[in-house]
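As structure tokens, the structure follows; a few thoughts come after it.
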Amino acid sequence: MISTSSNRPKQLENLKKRIRTCMDCGVCMSFCPIYRETIRESALARGKNAMVRALVKGELEITKEFAKRMNECLLCKTCAVNCPSETNIPSMVVEMRSAIVEARGLPLAKRLVFRGLMKNRKLFGSVIRLASSFQWLFMPKAEGQVRHLPLFLSALGKNRRIPPIAKKFLRDQVPLVNSPPKGVPTRMKVGLFIGCATEFIFPQVGKAAIDFLTKNGVEVIVPREQGCCGAAVYLGSGDFKTGREMADANVKAFKDVDKVITVCATCGSALEDYAEFLADNPERAEAYKEFGAKIKDISEFLVDELKLPAAAYQASAVAKGLKVTWHDPCHLNRYQGVTRQPREIIKSIPSVEFREMPDADRCCGMAGTFSIYYYDLSQKIANKKLDSIAASGADAVVTACPGCMIQLMDAISRHKMPQKVMHIMELLE
Amino acid sequence: MLKPEVISQLIKIAGKENVLTSKEELAVHATHMHEQFVHPPEAVVLPETTQQVAGIMKLANEHKIPVTPRGGSASGHGGSTPIYGGISLVLTRMNKIITIEEENLIAIVEAGVILYDFQVACAKKGVYFPPDPNGYYSSTIGGIIANNSSGPSSIKYGTCRDYVTGLEVVLPTGEIMNVGGRLAKSASAYNLAQLFTGSEGTLGVITKAILKLVPANPFRKTVTATFNDLALASTNISKILAKGILPFKLELMDDYWIHSMNEVRHLGLPEDANALLFIECNGSVQEAVDKEAEIIADICRKGGATDVRVPKVGKETDELWQARAVGGYANQKAGRKSHSEDMCVPRTKIPEFIQRSKEIAAKYNVSVSFGGHAGDGATHPQFFYDADDTAYQERVAKAVDEQIECAISLGGIVSSEHGIGAQKKKFISKYLDPKALDMMKKIKALFDPNNIMNPGKIWE
């Protein structure tokens with residue numbers, strides 16, 4: 001029986017084949033971080049597929065609960081890489097989030113933030129700046145460099161301890177064209193994609209990337225027209241319409257470069273995935289595909305494309321003598337297939353000792369908008385990561401995703417653990 | 001639907017967060033690998049304690065509500081699907097490993113522990129729990145006991161039955177009963193723990209188990225051998241046993257499996273071969289294990305193998321066995337489904353069974369693949385079909401039935417380790433002694449007079 005309900009989205013037709021790929025074996029029970037915490041079948045990939053199957057058959061409709069269940073996914077892809085029949089439930093979840101937006105509309109808060117703020121980088125910056133100038137009002141400075149920021153924007157989860165907003169945003173610190181210093185010949189020209197978290201919270205990461213690249217003969221263009229990657233908008237919330245506008249803007253901003261370097265795993269995979277989710281006409285399909293091929297994570301670029309010798313990797317002042325461990329961001333590992341390169345870089349740094357942690361590829365539980373709605377669950381997942389970090393005996397946990405960094409800083413701070421959280425570029429001089 | 005007062009009493013017993021009645025949750029718990037067994041429950045209850053299970057059972061018995069226990073729902077024959085509605089009793093929140101005593105070689109675990117988690121916990125303590133159904137990522141301890149499951153290692157270590165020494169069960173009346181105990185040996189009257197092992201949730205709810213363990217053997221070695229003929233490959237099994245070698249695991253697979261395993265783990269097995277043997281030895285002395293593997297490799301070479309390999313111990317070997325575990329699920333892409341069967345035939349009849357099964361598949365114009373723990377005669381023929389092609393599915397159903405009849409005629413049985421479930425109940429009268437059958441029905445009626453425990457399973 002096919003439902004004739006008016007809220008039946010067109011995406012369902014395309015999912016008819018895909019819902020049969022899952023054979024209900026339940027192997028995902030051993031892997032889904034959310035299922036492992038909640039022990040509820042509807043959190044599981046198999047359960048989500050069952051709901052979509054029932055929706056396609058007309059036995060379910062897109063209700064509030066249905067939407068809630070589809071939001072309850074980290075998109076970490078741990079199920080997908082372990083699925084014997086290669087079922088990609090996270091991809092189906094993203095499609096369903098878009099169907100939910102079509103059927104039920106986007107919640108007001110998201111509509112304001114995504115369509116009003118995030119699309120306009122300048123305005124977004126002003127609002128963040130405004131929030132940052134009042135941050136002392138809401139909470140005194142907590143341990144180390146983290147603060148409680150209930151206002152900024154409850155969007156990051158209540159009582160989350162996040163680093164302070166940067167005094168000077170990245171694009172105010174760097175010019176459009178960053179050339180290699182005098183005496184260093186230019187080997188290559190690349191664009192640098194600055195994600196929101198790098199721009200507003202961790203500008204030093206972007207700065208370190210530019211300095212390292214230019215020092216090694218790479219000219220770095222930082223286009224002013226670039227905006228948010230859209231991960232929270234289209235992957236996290238199914239707002240494909242705004243996602244397309246963001247995608248188009250980014251494609252245009254980087255039209256003059258052949259390579260786009262990212263220092264954020266989530267941004268990198270979101271930029272690569274425009275073609276999979278947002279291409280609604282042949283022109284966009286072509287443009288997004290071409291754009292996706294330009295995207296390179298910084299470690300991947302340094303090791304595989306620039307092929308720097310080991311001696312190029314020297315410790316920064318803060319990194320000297322540290323024992324460090326590596327956290328594989330889901331969006332770098334399972335989405336972009338980058339795991340070897342960052343380890344190679346860390347192992348090359350003479351005065352840094354690398355310690356592999358157990359389950360380095362286990363999701364930290366951040367997952368952007370997921371942690372807004374499921375903060376407590378997100379923290380439970382983070383706690384497992386903390387056990388791994390502690391077991392490694394490292395002084396610092398290093399990664400390449402500002403989202404993971406925020407999550408790890410928060411969790412480490414709550415548990416009063418001593419480890420620093422650093423971006424891989426902060427290790428390098 | 002269940003009456004609102006029943007739902008509110010369930011909530012009182014198990015807590016609001018453990019009673020699910022939304023349409024979404026019911027749809028999620030209706031699923032099964034095979035469409036014909038899909039049926040939603042009227043409520044899903046996830047108890048966290050034995051006392052809660054007792055309360056739920058008492059209530060269900062009073063109101064004569066069907067109760068279908070569910071672990072990971074890894075069963076392929078409808079065992080955990082609530083085909084008559086009622087309550088889906090999901091035990092996965094009872095997931096504590098209470099103790100693993102490596103010196104006593106005993107573990108006490110709750111029913112909802114995932115087998116894989118238990119295996120990992122055992123390995124950390126240097127002990128091993130042998131029942132190893134290939135669905136270990138989603139099978140629960142309660143589920144494998146209820147179905148008397150086993151896997152590749154059963155040739156050496158036997159089935160789940162051999163490792164259950166005691167159980168805590170909740171009877172349909174809500175009474176809690178402890179049977180058996182924690183000692184390795186017992187000669188004390190009727191062994192009720194064994195009665196519940198393999199009972200498929202039809203006598204009561206298993207909530208806790210006392211399990212026997214064995215020391216983990218530190219050394220392993222796997223031999224892989226490919227052949228041009230499935231029947232020829234299977235003749236090597238008896239030759240290996242005749243040398244006095246009892247392998248740890250012994251698996252027989254056909255060309256479909258070779259392809260599937262290459263696909264899921266990129267093993268690089270020769271795709272032009274028609275049959276494959278995986279044979280693993282284990283032991284506490286490296287040299288002895290190496291020597292056994294050498295003898296096995298030699299037997300296979302002389303026995304017609306086209307390619308014999310002894311992969312490196314560690315990652316390479318682990319990947320082979322992982323591929324064996326999940327390879328059967330691999331060809332489900334793009335709407336293709338498979339039905340995995342579970343007959344056990346005498347070891348010497350395997351070649352004949354394979355030959356006759358192929359004839360049956362040809363007669364119904366369907367495709368079939370063979371894999372199984374041939375070391376003990378357990379075979380898992382797999383039939384493939386398109387989920388949209390109902391005519392084809394009907395032919396598959398007929399072929400399966402005829403193949404089951406064929407297994408029985410060769411002195412075999414319909415289930416070696418998956419259970420009867422909803423699918424095979426029509427066959428058990430064909431190979432069980434009528435007296436024994438009658439006694440079993442009386443036992444069922446004694447334990448469950450209102451027939452609320454997993455109705456429609458094992459029995460019509």
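The chains in the structure tokens are called A, B, ... from first to last as shown; in each chain the residues are counted from 1, and the ligands are counted from 1 in the order shown.
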Residue hits in chain A, query chain B, radius 7 Å, only C-alpha atoms, as a PyMOL selection string: chain A and resi 17-18+20-21+23-27+29-30+39+41-42+47+50-51+54+66+84-85
Please, could you write that set of residues out with C-alpha atoms as a short mmCIF file (atom, residue, chain, number, x, y, z; two decimals), in the first residue's frame?
data_model
loop_
_atom_site.label_atom_id
_atom_site.label_comp_id
_atom_site.auth_asym_id
_atom_site.auth_seq_id
_atom_site.Cartn_x
_atom_site.Cartn_y
_atom_site.Cartn_z
CA LYS A 17 16.01 0.11 -3.79
CA ARG A 18 18.28 1.34 -1.03
CA ARG A 20 16.44 -3.33 0.69
CA THR A 21 20.22 -3.28 0.91
CA MET A 23 19.27 -7.27 5.39
CA ASP A 24 18.36 -6.78 9.05
CA CYS A 25 21.29 -8.86 10.30
CA GLY A 26 22.03 -6.39 13.11
CA VAL A 27 25.83 -6.38 12.78
CA MET A 29 24.59 -3.38 17.02
CA SER A 30 28.25 -3.92 17.83
CA ILE A 39 20.37 0.24 23.67
CA GLU A 41 16.75 -0.36 18.22
CA SER A 42 15.42 2.86 16.68
CA GLY A 47 16.13 0.36 13.06
CA ALA A 50 13.13 -0.23 9.15
CA MET A 51 11.47 3.13 9.78
CA ALA A 54 7.80 1.49 6.69
CA PHE A 66 10.18 10.06 13.12
CA PRO A 84 28.54 -6.67 5.23
CA SER A 85 26.09 -5.54 2.56
#
Residues of segment 162-396 of chain A in helix (DSSP H, G or I), written as a ChimeraX atom specification: /A:170-173,196-200,203-215,231-235,240-253,265-272,274-277,282-294,298-305,310-312,330-333,340-348,369-373,375-392
Restricting it to C-alpha atoms, dump the selection as a short mmCIF file (atom, residue, chain, number, x, y, z; two decimals), in the first residue's frame.
data_model
loop_
_atom_site.label_atom_id
_atom_site.label_comp_id
_atom_site.auth_asym_id
_atom_site.auth_seq_id
_atom_site.Cartn_x
_atom_site.Cartn_y
_atom_site.Cartn_z
CA LEU A 170 41.20 34.72 10.79
CA ARG A 171 40.22 36.71 7.73
CA ASP A 172 41.17 39.90 9.56
CA GLN A 173 44.60 38.44 10.21
CA CYS A 196 33.40 28.71 10.79
CA ALA A 197 35.17 27.21 13.83
CA THR A 198 38.60 27.99 12.35
CA GLU A 199 37.53 31.52 11.53
CA PHE A 200 35.95 32.44 14.84
CA PRO A 203 42.18 31.31 13.87
CA GLN A 204 45.65 30.24 15.00
CA VAL A 205 45.09 26.90 13.25
CA GLY A 206 44.40 28.59 9.93
CA LYS A 207 47.33 30.93 10.49
CA ALA A 208 49.66 28.01 11.27
CA ALA A 209 48.50 26.23 8.10
CA ILE A 210 49.18 29.32 5.96
CA ASP A 211 52.60 29.86 7.55
CA PHE A 212 53.61 26.23 7.09
CA LEU A 213 52.41 26.08 3.50
CA THR A 214 54.06 29.33 2.44
CA LYS A 215 57.28 28.36 4.17
CA ALA A 231 27.68 20.74 7.07
CA ALA A 232 25.34 21.79 9.88
CA VAL A 233 22.85 23.09 7.34
CA TYR A 234 22.46 20.32 4.79
CA LEU A 235 24.05 17.24 6.44
CA PHE A 240 19.26 21.41 1.09
CA LYS A 241 17.95 24.71 -0.23
CA THR A 242 20.30 26.84 1.88
CA GLY A 243 22.98 24.19 1.44
CA ARG A 244 22.87 24.74 -2.33
CA GLU A 245 23.24 28.48 -1.95
CA MET A 246 26.27 27.94 0.28
CA ALA A 247 27.70 25.36 -2.09
CA ASP A 248 27.27 27.66 -5.09
CA ALA A 249 29.01 30.48 -3.24
CA ASN A 250 31.96 28.29 -2.29
CA VAL A 251 32.30 26.80 -5.76
CA LYS A 252 32.42 30.32 -7.16
CA ALA A 253 34.87 31.57 -4.52
CA ALA A 265 37.66 17.33 8.53
CA THR A 266 33.94 18.10 8.62
CA CYS A 267 34.24 21.01 6.21
CA GLY A 268 36.36 18.85 3.91
CA SER A 269 33.83 16.07 3.68
CA ALA A 270 30.89 18.46 3.48
CA LEU A 271 32.54 20.23 0.52
CA GLU A 272 33.26 16.89 -1.15
CA TYR A 274 27.90 18.57 -2.41
CA ALA A 275 27.73 16.34 -5.46
CA GLU A 276 26.12 13.45 -3.61
CA PHE A 277 23.36 15.41 -1.90
CA PRO A 282 23.21 18.67 -14.48
CA GLU A 283 25.09 22.00 -14.18
CA ARG A 284 25.33 21.73 -10.42
CA ALA A 285 26.23 18.04 -10.68
CA GLU A 286 29.15 18.90 -12.92
CA ALA A 287 30.27 21.92 -10.88
CA TYR A 288 30.03 20.10 -7.53
CA LYS A 289 31.86 17.07 -8.86
CA GLU A 290 34.66 19.25 -10.16
CA PHE A 291 34.78 21.19 -6.90
CA GLY A 292 34.78 17.99 -4.80
CA ALA A 293 37.86 16.77 -6.65
CA LYS A 294 39.75 19.93 -5.60
CA ILE A 298 45.98 19.51 4.85
CA SER A 299 47.79 16.31 5.99
CA GLU A 300 46.81 14.52 2.81
CA PHE A 301 48.07 17.45 0.76
CA LEU A 302 51.41 17.71 2.59
CA VAL A 303 52.20 14.00 2.46
CA ASP A 304 50.69 12.84 -0.83
CA GLU A 305 50.85 15.92 -3.06
CA ALA A 310 60.49 14.16 6.98
CA ALA A 311 62.88 16.96 7.90
CA ALA A 312 60.27 19.55 6.91
CA CYS A 330 34.99 10.44 11.40
CA HIS A 331 34.86 12.95 8.54
CA LEU A 332 38.56 12.50 7.84
CA ASN A 333 38.84 8.76 8.33
CA ARG A 340 47.99 7.33 7.37
CA GLN A 341 49.13 10.85 6.47
CA PRO A 342 48.66 12.63 9.83
CA ARG A 343 50.41 9.75 11.60
CA GLU A 344 53.30 9.99 9.17
CA ILE A 345 53.62 13.70 9.88
CA ILE A 346 53.54 13.28 13.66
CA LYS A 347 56.03 10.44 13.58
CA SER A 348 58.38 12.61 11.51
CA THR A 369 24.01 19.76 15.43
CA PHE A 370 23.62 16.31 16.97
CA SER A 371 25.27 17.52 20.16
CA ILE A 372 22.89 20.46 20.37
CA TYR A 373 19.94 18.16 20.77
CA TYR A 375 24.27 16.87 24.63
CA ASP A 376 24.16 14.29 27.42
CA LEU A 377 24.34 11.39 24.98
CA SER A 378 27.14 13.16 23.13
CA GLN A 379 29.10 13.41 26.39
CA LYS A 380 28.61 9.73 27.20
CA ILE A 381 30.11 8.88 23.82
CA ALA A 382 32.98 11.32 24.51
CA ASN A 383 33.71 9.56 27.80
CA LYS A 384 34.73 6.42 25.91
CA LYS A 385 37.15 8.54 23.90
CA LEU A 386 38.61 9.91 27.12
CA ASP A 387 39.36 6.37 28.30
CA SER A 388 41.33 5.80 25.10
CA ILE A 389 43.19 9.10 25.44
CA ALA A 390 44.12 8.30 29.03
CA ALA A 391 45.25 4.79 28.06
CA SER A 392 47.64 6.23 25.46
#
Distance query Val396 of chain B at most 12 Å, only C-alpha atoms, self and fewer than 3 positions along chain excluded, as a ChimeraX atom specification: /B:337-341,360-368,381-387,389-393,399-403
d(atom CA of Gln226 of chain A, atom CA of Phe114 of chain A) in Å: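 Answer for the atom CA of Gln226 of chain A to atom CA of Phe114 of chain A separation: 15.4 Å.
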Length of the atom CA of Leu437 of chain B to atom CA of Trp459 of chain B vector [Å]: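 Between atom CA of Leu437 of chain B and atom CA of Trp459 of chain B the gap is 10.2 Å.
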Selection near Gly268 of chain B, 12 Å with only C-alpha atoms, sequence-local residues under 5 positions removed, as a ChimeraX atom specification: /B:224,258-263,273,307,309,311,316,319-320,323
